[in-house]
Every structure is written in structure tokens, then in C-alpha cells.
$ cat protein_35.txt   # compact mmCIF, C-alpha atoms
# COMPACT_ATOMS: atom_id res chain seq x y z
CA MET A 7 -29.70 55.54 116.27
CA ARG A 8 -27.55 53.45 118.59
CA LEU A 9 -27.95 49.80 119.36
CA LEU A 10 -27.15 49.19 123.01
CA PRO A 11 -24.92 46.23 123.96
CA ILE A 12 -26.13 44.90 127.30
CA LEU A 13 -22.72 44.73 128.93
CA ALA A 14 -20.26 46.89 130.83
CA VAL A 15 -18.90 49.40 128.32
CA ALA A 16 -15.34 50.65 128.75
CA THR A 17 -14.69 54.39 129.03
CA LEU A 18 -14.31 55.96 125.58
CA VAL A 19 -11.08 57.73 124.80
CA SER A 20 -9.53 59.12 121.70
CA GLY A 21 -7.32 56.05 120.92
CA CYS A 22 -7.40 52.50 122.10
CA LEU A 23 -7.59 51.40 125.70
CA PHE A 24 -7.55 48.08 127.43
CA ASP A 25 -9.80 46.93 130.23
CA LYS A 26 -7.89 43.83 131.32
CA GLU A 27 -9.89 40.89 132.52
CA PRO A 28 -8.97 37.20 132.31
CA ASP A 29 -9.20 36.18 128.67
CA VAL A 30 -11.21 39.33 127.80
CA VAL A 31 -9.96 42.29 125.80
CA ARG A 32 -12.02 45.46 125.38
CA LEU A 33 -10.91 48.07 122.85
CA SER A 34 -12.59 51.43 122.39
CA GLY A 35 -11.80 54.51 120.39
CA GLU A 36 -12.87 56.77 117.56
CA THR A 37 -13.24 56.08 113.85
CA MET A 38 -15.38 57.22 110.90
CA GLY A 39 -16.56 60.25 112.82
CA THR A 40 -18.02 58.10 115.58
CA THR A 41 -16.90 55.63 118.26
CA PHE A 42 -16.09 51.94 118.26
CA ASN A 43 -16.29 49.28 120.97
CA ILE A 44 -14.83 45.81 120.64
CA THR A 45 -15.02 42.92 123.07
CA ALA A 46 -12.81 39.94 122.21
CA ILE A 47 -12.76 36.76 124.27
CA GLY A 48 -10.21 33.97 124.02
CA LEU A 49 -7.13 32.36 125.46
CA ASP A 50 -3.71 34.03 125.39
CA ILE A 51 -4.79 37.09 123.42
CA ASP A 52 -1.91 39.46 122.70
CA GLU A 53 -3.73 42.68 123.53
CA GLU A 54 -1.12 45.04 122.11
CA ALA A 55 -0.85 43.15 118.83
CA LEU A 56 -4.62 42.95 118.51
CA ALA A 57 -5.00 46.69 119.13
CA VAL A 58 -2.43 47.46 116.44
CA ALA A 59 -4.15 45.12 113.98
CA VAL A 60 -7.55 46.72 114.66
CA GLU A 61 -6.15 50.24 114.22
CA GLU A 62 -4.51 49.22 110.93
CA THR A 63 -7.76 47.70 109.70
CA LEU A 64 -9.77 50.79 110.54
CA ALA A 65 -7.16 53.05 108.96
CA ASP A 66 -7.33 51.01 105.76
CA VAL A 67 -11.14 51.19 105.68
CA ASN A 68 -11.03 54.97 106.11
CA ALA A 69 -8.39 55.30 103.41
CA LYS A 70 -10.74 53.62 100.96
CA MET A 71 -14.28 54.50 102.08
CA SER A 72 -14.21 57.80 103.99
CA ASN A 73 -16.07 60.74 102.44
CA TRP A 74 -14.47 62.98 105.09
CA ASP A 75 -10.92 62.22 103.88
CA GLU A 76 -10.25 64.12 100.66
CA ASN A 77 -7.44 61.68 99.86
CA SER A 78 -9.50 58.52 100.29
CA GLU A 79 -10.25 56.28 97.35
CA VAL A 80 -13.94 57.22 97.26
CA SER A 81 -13.15 60.95 97.51
CA LYS A 82 -10.64 60.79 94.66
CA PHE A 83 -13.13 58.91 92.49
CA SER A 84 -15.84 61.46 93.26
CA LYS A 85 -13.56 64.41 92.46
CA SER A 86 -12.24 62.88 89.25
CA GLN A 87 -13.62 64.39 86.03
CA SER A 88 -12.92 61.23 84.07
CA THR A 89 -15.77 59.10 82.75
CA GLU A 90 -13.41 56.32 81.73
CA PRO A 91 -13.34 53.06 83.73
CA THR A 92 -11.16 53.53 86.80
CA GLN A 93 -9.27 50.73 88.54
CA VAL A 94 -10.55 50.36 92.09
CA SER A 95 -9.46 48.24 95.04
CA ASP A 96 -11.07 44.88 95.70
CA GLU A 97 -12.59 46.28 98.89
CA PHE A 98 -14.11 49.29 97.14
CA ALA A 99 -15.52 47.05 94.39
CA LEU A 100 -17.02 44.74 97.02
CA VAL A 101 -18.85 47.62 98.71
CA ILE A 102 -20.13 49.02 95.41
CA ALA A 103 -21.35 45.56 94.37
CA ALA A 104 -23.24 45.23 97.66
CA ALA A 105 -24.67 48.73 97.22
CA ASN A 106 -25.79 47.82 93.71
CA ASP A 107 -27.56 44.74 95.05
CA VAL A 108 -29.50 46.70 97.67
CA HIS A 109 -30.18 49.51 95.16
CA GLU A 110 -31.73 47.07 92.71
CA LYS A 111 -33.77 45.10 95.24
CA SER A 112 -35.03 48.25 96.96
CA GLY A 113 -36.23 49.76 93.72
CA GLY A 114 -33.63 52.51 93.90
CA THR A 115 -34.45 53.56 97.47
CA PHE A 116 -30.85 52.88 98.55
CA ASP A 117 -28.49 55.03 96.48
CA VAL A 118 -24.84 55.94 96.97
CA THR A 119 -25.13 58.88 94.53
CA LEU A 120 -27.55 60.68 96.87
CA GLY A 121 -24.99 63.38 97.71
CA PRO A 122 -26.54 66.25 95.68
CA LEU A 123 -29.85 65.82 97.52
CA ILE A 124 -28.18 65.57 100.94
CA GLU A 125 -26.34 68.80 100.22
CA LEU A 126 -29.45 70.48 98.81
CA TRP A 127 -31.51 69.72 101.92
CA GLY A 128 -28.75 70.96 104.19
CA PHE A 129 -27.85 67.86 106.21
CA GLY A 130 -24.61 69.11 107.08
CA PRO A 131 -24.38 72.67 108.13
CA ARG A 132 -27.76 74.35 107.91
CA LYS A 133 -29.05 77.67 109.17
CA PRO A 134 -32.64 78.03 110.41
CA GLU A 135 -33.26 80.76 107.87
CA ASP A 136 -32.16 78.63 104.91
CA PRO A 137 -35.14 78.10 102.57
CA VAL A 138 -36.65 74.70 101.86
CA PRO A 139 -35.50 73.64 98.38
CA SER A 140 -37.76 74.48 95.45
CA ASP A 141 -39.26 71.90 93.11
CA GLU A 142 -36.85 73.10 90.41
CA ASP A 143 -33.82 72.67 92.67
CA ILE A 144 -34.95 69.19 93.69
CA GLN A 145 -35.40 68.13 90.07
CA ALA A 146 -31.97 69.51 89.17
CA ALA A 147 -30.39 67.49 91.98
CA LEU A 148 -32.30 64.36 90.96
CA ASN A 149 -30.65 64.57 87.55
CA SER A 150 -27.36 63.75 89.29
CA VAL A 151 -28.78 60.88 91.38
CA GLY A 152 -29.28 57.25 90.37
CA GLN A 153 -26.43 54.78 90.72
CA ALA A 154 -27.86 52.23 88.28
CA ARG A 155 -27.86 54.90 85.58
CA LEU A 156 -24.72 56.77 86.56
CA LEU A 157 -22.28 54.10 87.78
CA THR A 158 -20.94 51.02 85.98
CA LEU A 159 -19.01 48.42 87.95
CA ASP A 160 -17.05 45.76 86.08
CA PRO A 161 -16.21 43.12 88.69
CA GLU A 162 -14.11 41.09 86.26
CA ALA A 163 -11.86 44.01 85.34
CA GLY A 164 -12.06 45.59 88.80
CA THR A 165 -13.11 48.95 87.37
CA LEU A 166 -15.78 51.54 88.12
CA ALA A 167 -16.96 54.22 85.71
CA LYS A 168 -19.36 57.14 85.95
CA SER A 169 -21.39 58.43 83.03
CA ASP A 170 -21.25 62.03 84.26
CA ALA A 171 -18.01 63.65 85.39
CA GLU A 172 -19.79 65.46 88.24
CA VAL A 173 -21.17 62.30 89.85
CA GLY A 174 -19.95 61.58 93.37
CA ILE A 175 -20.31 58.61 95.70
CA ASN A 176 -21.36 58.79 99.35
CA LEU A 177 -20.75 55.54 101.25
CA SER A 178 -21.96 56.73 104.67
CA ALA A 179 -24.89 54.29 104.65
CA ILE A 180 -22.79 51.18 104.00
CA ALA A 181 -19.10 51.82 104.78
CA LYS A 182 -19.58 51.69 108.55
CA GLY A 183 -21.03 48.21 108.23
CA TYR A 184 -18.16 47.19 105.97
CA GLY A 185 -15.70 48.50 108.56
CA ILE A 186 -17.34 46.40 111.27
CA ASP A 187 -17.01 43.28 109.11
CA ALA A 188 -13.38 44.10 108.33
CA VAL A 189 -12.54 44.37 112.05
CA ALA A 190 -14.40 41.11 112.71
CA GLY A 191 -12.23 39.49 110.05
CA THR A 192 -9.14 40.79 111.82
CA LEU A 193 -10.33 39.20 115.08
CA ARG A 194 -10.96 35.87 113.36
CA ASP A 195 -7.50 36.01 111.78
CA ALA A 196 -6.16 36.34 115.33
CA GLY A 197 -7.95 33.12 116.27
CA ILE A 198 -10.75 34.81 118.24
CA GLU A 199 -14.11 33.05 117.95
CA ASP A 200 -16.15 34.99 120.52
CA TYR A 201 -16.49 38.72 119.94
CA MET A 202 -18.65 41.77 119.43
CA VAL A 203 -17.62 44.63 117.13
CA GLU A 204 -19.67 47.85 117.29
CA ILE A 205 -19.13 51.07 115.36
CA GLY A 206 -21.54 53.95 115.78
CA GLY A 207 -24.27 51.67 117.11
CA ASP A 208 -24.18 49.06 114.33
CA LEU A 209 -22.51 45.76 115.12
CA VAL A 210 -21.72 42.14 114.48
CA THR A 211 -21.33 39.32 117.01
CA MET A 212 -19.88 35.84 117.06
CA GLY A 213 -20.06 33.12 119.68
CA GLU A 214 -20.73 34.06 123.31
CA ASN A 215 -20.03 36.97 125.63
CA ASP A 216 -17.61 36.95 128.57
CA LYS A 217 -20.25 35.28 130.77
CA GLY A 218 -20.60 32.37 128.38
CA GLU A 219 -24.02 33.58 127.26
CA ALA A 220 -25.50 34.77 123.98
CA TRP A 221 -24.78 38.41 123.16
CA ARG A 222 -27.79 40.48 124.28
CA ILE A 223 -28.34 43.69 122.32
CA GLY A 224 -30.88 46.37 123.10
CA ILE A 225 -32.82 48.34 120.49
CA GLU A 226 -33.63 51.86 121.62
CA LYS A 227 -37.06 53.37 121.77
CA PRO A 228 -37.15 56.18 119.21
CA GLU A 229 -37.02 58.98 121.76
CA ALA A 230 -34.62 61.87 121.25
CA GLY A 231 -32.46 62.53 124.29
CA ALA A 232 -33.23 59.18 125.96
CA GLN A 233 -31.81 55.67 125.96
CA ASN A 234 -34.77 53.50 126.88
CA LEU A 235 -35.03 50.01 125.46
CA GLN A 236 -37.76 48.89 123.11
CA LEU A 237 -36.53 45.32 122.64
CA ILE A 238 -33.63 43.07 123.64
CA VAL A 239 -32.43 40.47 121.15
CA GLN A 240 -29.89 37.67 121.37
CA LEU A 241 -27.39 37.45 118.53
CA ASP A 242 -24.80 34.98 117.29
CA ASP A 243 -22.98 35.32 113.96
CA LEU A 244 -25.23 38.11 112.71
CA GLY A 245 -24.80 41.71 111.69
CA MET A 246 -27.28 44.21 113.13
CA ALA A 247 -27.99 47.82 112.21
CA THR A 248 -30.64 50.35 113.13
CA SER A 249 -31.57 53.48 111.21
CA GLY A 250 -33.77 56.16 112.77
CA ASP A 251 -35.03 59.59 111.82
CA TYR A 252 -35.79 61.02 115.26
CA LYS A 253 -32.40 62.52 116.14
CA ASN A 254 -31.47 64.24 112.90
CA PHE A 255 -34.10 66.55 111.42
CA PHE A 256 -35.06 70.19 111.17
CA GLU A 257 -38.36 72.02 111.47
CA GLN A 258 -39.49 75.01 109.44
CA ASP A 259 -42.87 76.69 109.34
CA GLY A 260 -44.29 73.89 111.49
CA VAL A 261 -43.10 71.14 109.14
CA ARG A 262 -40.66 68.45 110.28
CA TYR A 263 -38.02 67.42 107.71
CA SER A 264 -36.22 64.10 108.25
CA HIS A 265 -32.58 63.60 107.26
CA ILE A 266 -33.64 60.41 105.47
CA ILE A 267 -34.18 61.43 101.85
CA ASP A 268 -36.09 59.34 99.33
CA PRO A 269 -33.94 59.13 96.16
CA ILE A 270 -37.10 58.63 94.09
CA THR A 271 -38.90 61.81 95.14
CA GLY A 272 -35.85 63.81 96.15
CA ARG A 273 -37.57 64.78 99.40
CA PRO A 274 -37.30 63.76 103.07
CA ILE A 275 -39.51 60.86 104.07
CA THR A 276 -42.98 61.70 105.42
CA HIS A 277 -44.29 58.31 106.55
CA ARG A 278 -44.70 57.37 110.22
CA THR A 279 -41.89 54.80 110.47
CA THR A 280 -39.21 56.25 112.73
CA SER A 281 -36.83 53.34 113.37
CA VAL A 282 -35.84 50.20 111.48
CA THR A 283 -33.55 47.41 112.68
CA VAL A 284 -32.15 44.84 110.26
CA LEU A 285 -30.38 41.55 110.95
CA ALA A 286 -28.23 40.19 108.14
CA GLU A 287 -25.38 37.82 107.39
CA ASN A 288 -22.95 40.69 107.93
CA ALA A 289 -22.96 44.26 109.19
CA MET A 290 -22.46 45.75 105.73
CA MET A 291 -25.74 44.40 104.40
CA ALA A 292 -27.55 45.20 107.65
CA ASP A 293 -26.26 48.79 107.44
CA ALA A 294 -27.41 49.30 103.85
CA TRP A 295 -30.79 47.62 104.27
CA ALA A 296 -31.58 49.56 107.45
CA THR A 297 -31.23 52.80 105.48
CA ALA A 298 -33.28 51.46 102.57
CA MET A 299 -36.04 50.16 104.84
CA LEU A 300 -36.34 53.45 106.72
CA ALA A 301 -36.67 55.30 103.43
CA LEU A 302 -39.34 52.84 102.29
CA GLY A 303 -41.32 52.87 105.54
CA GLN A 304 -43.19 50.04 107.19
CA GLU A 305 -45.82 49.36 104.56
CA LYS A 306 -43.59 49.17 101.49
CA GLY A 307 -40.65 47.90 103.49
CA MET A 308 -42.53 44.95 104.93
CA GLU A 309 -43.60 43.83 101.47
CA LEU A 310 -39.99 43.91 100.34
CA ALA A 311 -38.73 42.20 103.51
CA GLU A 312 -41.10 39.30 103.00
CA LYS A 313 -40.26 39.08 99.29
CA HIS A 314 -36.52 38.90 99.89
CA LYS A 315 -36.69 37.11 103.25
CA LEU A 316 -35.06 40.01 105.09
CA ALA A 317 -35.02 40.15 108.89
CA VAL A 318 -36.51 43.58 109.69
CA TYR A 319 -38.09 45.18 112.77
CA PHE A 320 -40.11 48.38 112.27
CA ILE A 321 -41.07 50.98 114.89
CA SER A 322 -43.65 53.51 113.67
CA ARG A 323 -45.42 56.42 115.33
CA ASP A 324 -48.98 55.65 116.43
CA VAL A 325 -50.81 58.85 115.54
CA THR A 326 -53.87 57.74 117.51
CA GLY A 327 -51.98 57.04 120.75
CA GLY A 328 -50.21 60.28 121.59
CA GLU A 329 -46.74 61.70 121.10
CA ASP A 330 -44.80 58.76 122.59
CA ALA A 331 -46.97 55.92 121.28
CA TYR A 332 -45.48 53.47 118.80
CA ILE A 333 -46.48 50.45 116.75
CA THR A 334 -43.95 47.66 116.20
CA VAL A 335 -44.02 44.96 113.55
CA HIS A 336 -41.41 42.49 112.30
CA SER A 337 -40.87 40.34 109.26
CA THR A 338 -41.05 36.55 109.31
CA ALA A 339 -37.29 36.33 108.85
CA PHE A 340 -36.67 38.57 111.88
CA LYS A 341 -38.66 36.23 114.11
CA ASP A 342 -36.95 33.19 112.58
CA ALA A 343 -33.48 34.70 113.02
CA LEU A 344 -34.04 35.32 116.72
CA GLY A 345 -35.68 31.95 117.21
CA ALA A 346 -32.64 30.23 115.80
CA ASN A 347 -30.18 32.04 118.13
$ encode --input "protein_35.txt" --output "C-alpha cells"
Amino acid sequence: MRLLPILAVATLVSGCLFDKEPDVVRLSGETMGTTFNITAIGLDIDEEALAVAVEETLADVNAKMSNWDENSEVSKFSKSQSTEPTQVSDEFALVIAAANDVHEKSGGTFDVTLGPLIELWGFGPRKPEDPVPSDEDIQAALNSVGQARLLTLDPEAGTLAKSDAEVGINLSAIAKGYGIDAVAGTLRDAGIEDYMVEIGGDLVTMGENDKGEAWRIGIEKPEAGAQNLQLIVQLDDLGMATSGDYKNFFEQDGVRYSHIIDPITGRPITHRTTSVTVLAENAMMADAWATAMLALGQEKGMELAEKHKLAVYFISRDVTGGEDAYITVHSTAFKDALGAN
């Protein structure tokens, strides 16, 4: 799902571009298999230098976190047959530590070792005639899932170990958020205090927009093929991510299978929650928690949100109101976060 910045968006191209306005720099391009949009506001910004710095930051994130780059740090770790502790970069260790935190607090619903189940259910390339996985296949895949059991991070030594040589790590539900935060750090290092960084719909903001107002971000209604707004929020110094199940699914024999897989059951989610938006101190945590909360669903997710004071907004299908009817609820922290901005 995409969050919709309420501003004029520059034309997307395959590299960086500049839409020059007084004291405003807009950069757009492609990264992590999706697009990015950056708006930076300040005095005397060196646009060319900033563009180079952003590209270098994104290249570094991909070199460490990309599951699509066979030479990235995460890919090499996943392919390694060693079960000995492996030295990892500070950035990789930071992301794994954050993933471990969400994994523990979500009761295992967020899991970076979910790869065998993603592959089993065919989210990647899948043919309509491919069979739904059997109970035996699901159980076999579950044996290779569970980061608390299979991964050991030693923050002091800066090492990561796996207990099974075949275990792999998929960072797709957290690395995008980390990349957003890394780019935001690059902007701050350049002395920029007012900005928005968006990658693939998730984002972080700081300060004010180019009109001197709070950043206004739209949350989509969960309607495939449309971009209608459900809610507009104002953000300052917050990460924001939305996870939805309504654009990526398959149907077979009249049954709809979501791409969101529950690591506990090994099966796609079946509850009525179709979209979850999370506000957090940074985009990385918002990214991870949005995935966890969608897997949990509104009922279980709300309990956890209140317990951990998480700012979460749920959109669920209203089965009594027709095909396009939805119910929305939010946690106390979500209301408080918006009230304070």
C-alpha cells in the first residue's frame, strides 16, 4: 500500500532529477525495487552534492540489506553454510536488533526467517494452476522459520549466527524503513531540518513543508486499482508505514489467499483487517510494526498496540456493509501522536 503525500510530486525517472524552486529540492528515482521521493527545504542547498550523497546512501543500504542483490551482506549470510558467528556490519546488526525487538513483542508474528513460507505459497512467480501447499509442506517450511530459535545476534561482538546452515534472512519488511531513516540522516548531515523522505509509500518527515505548514499525508482506502483517501494526517518528526493485503493476493477454488503470511500458522492471514498504518519514532520501526500488525489483525493487534503504546490505525472489512464497506479503529497512541503534531 502507498501513503500519499499531499503535495506536487515530481515526475519519476530512472535516476535523480531536480525540480528547482527557491530553497526547495525534490529528488526522485528508483531503489529497492520501488521508487523514492524526497523533498528537502533549506537555504543554499547544493542540489548536486545532495543528490550524490542520497544515491551513495541508498547504494550502501542496498549493498547491505537487499535480498535481490546476490552479493549483498544479507544475501551472503543467507547463502553461507556456516553456523559459526559471522561478523556483520553495524547497520546490519542494528536492523536485526530492531527485528528481534518486534519479533519478541509481537509474539513471533514478525519474522525475518519467513522466506521458506513466502516461497512455498508462491509470492513471487506463481502460476494459477500451482496447488495450494499441503499441511505437510507447510509444517516442513515452519521447521525453518523462527528467528528467536534460529538466529543469535551478539551486539557486543558484532556477530550473527544461525543454528541451521539452510536458514536465510528476508529483510523486505524492515529494510525499506531503515533506508528511509538512512536518507533522512544524510539530509540532516547536510544541515537540512525540513524534509520528507518516502520510499515505496513509507516515509519519515521533519519540520514543515515548502508552504511552511505541517506535512500532510494521505492514507489510502484499501481499494485495488484506486487512490482514494481514507484519512489525512499531519506529521512532524515521525516515521509512517502502511501495510495492506488488498493488492497482492491470489484466488483459487473461490478462496482468497493474502500475501501476508502468519509465521505461527504458516498460512496466509484470514481475518478481516486489510490495512494497517503505524506511526513510530522512525520509519524502520513503523515498517516492521505495520507488517506485524497486519498479520495480527485488528483484534489481537489492538491489544498489543495498547500494551506497548504503539500508534496504530486499522482498516477492516465490514462484512455486514457490502463489498466496499470498512470499519476503522485506532490506538490511543495514534490519537495522541496526531494530537501532538
$ atom_distance --input "protein_35.txt" --atom1 "CA of Gly307 (chain A)" --atom2 "CA of Asp342 (chain A)"
17.7 Å
$ residues_near_point --input "protein_35.txt" --point "(-17.5, 57.1, 86.5)" --cutoff "12 Å" --atoms "only C-alpha atoms" --output "MDAnalysis selection string"
chainID A and resid 80 82:94 119 153:160 165:175
$ closest_residue --input "protein_35.txt" --among "A:Ile124, A:Leu244, A:Ala343, A:Met202" --to "Asp216 (chain A)" --atoms "all atoms listed in the file"
A:Met202
$ atom_distance --input "protein_35.txt" --atom1 "CA of Ala190 (chain A)" --atom2 "CA of Glu61 (chain A)"
12.4 Å
$ residues_around --input "protein_35.txt" --residues "Ser249 (chain A)" --least-positions-apart "4" --cutoff "7 Å" --atoms "only C-alpha atoms" --output "list in words"
Met7, Ser281, Val282, Thr283, Ala296, Thr297 and Leu300 of chain A
$ atom_distance --input "protein_35.txt" --atom1 "CA of Ala220 (chain A)" --atom2 "CA of Gln240 (chain A)"
5.9 Å
$ closest_residue --input "protein_35.txt" --among "A:Glu204, A:Glu54, A:Glu125, A:Glu162" --to "Ala188 (chain A)" --atoms "all atoms listed in the file"
A:Glu204
$ residues_around --input "protein_35.txt" --residues "region 63-66 of chain A" --least-positions-apart "6" --cutoff "8 Å" --atoms "only C-alpha atoms" --output "PyMOL selection string"
chain A and resi 37+185+188-189+192
$ closest_residue --input "protein_35.txt" --among "A:Ala179, A:Val31, A:Ile275, A:Met38" --to "Ala69 (chain A)" --atoms "all atoms listed in the file"
A:Met38
$ closest_residue --input "protein_35.txt" --among "A:Tyr332, A:Tyr201, A:Trp295, A:Phe98" --to "Gly114 (chain A)" --atoms "all atoms listed in the file"
A:Trp295
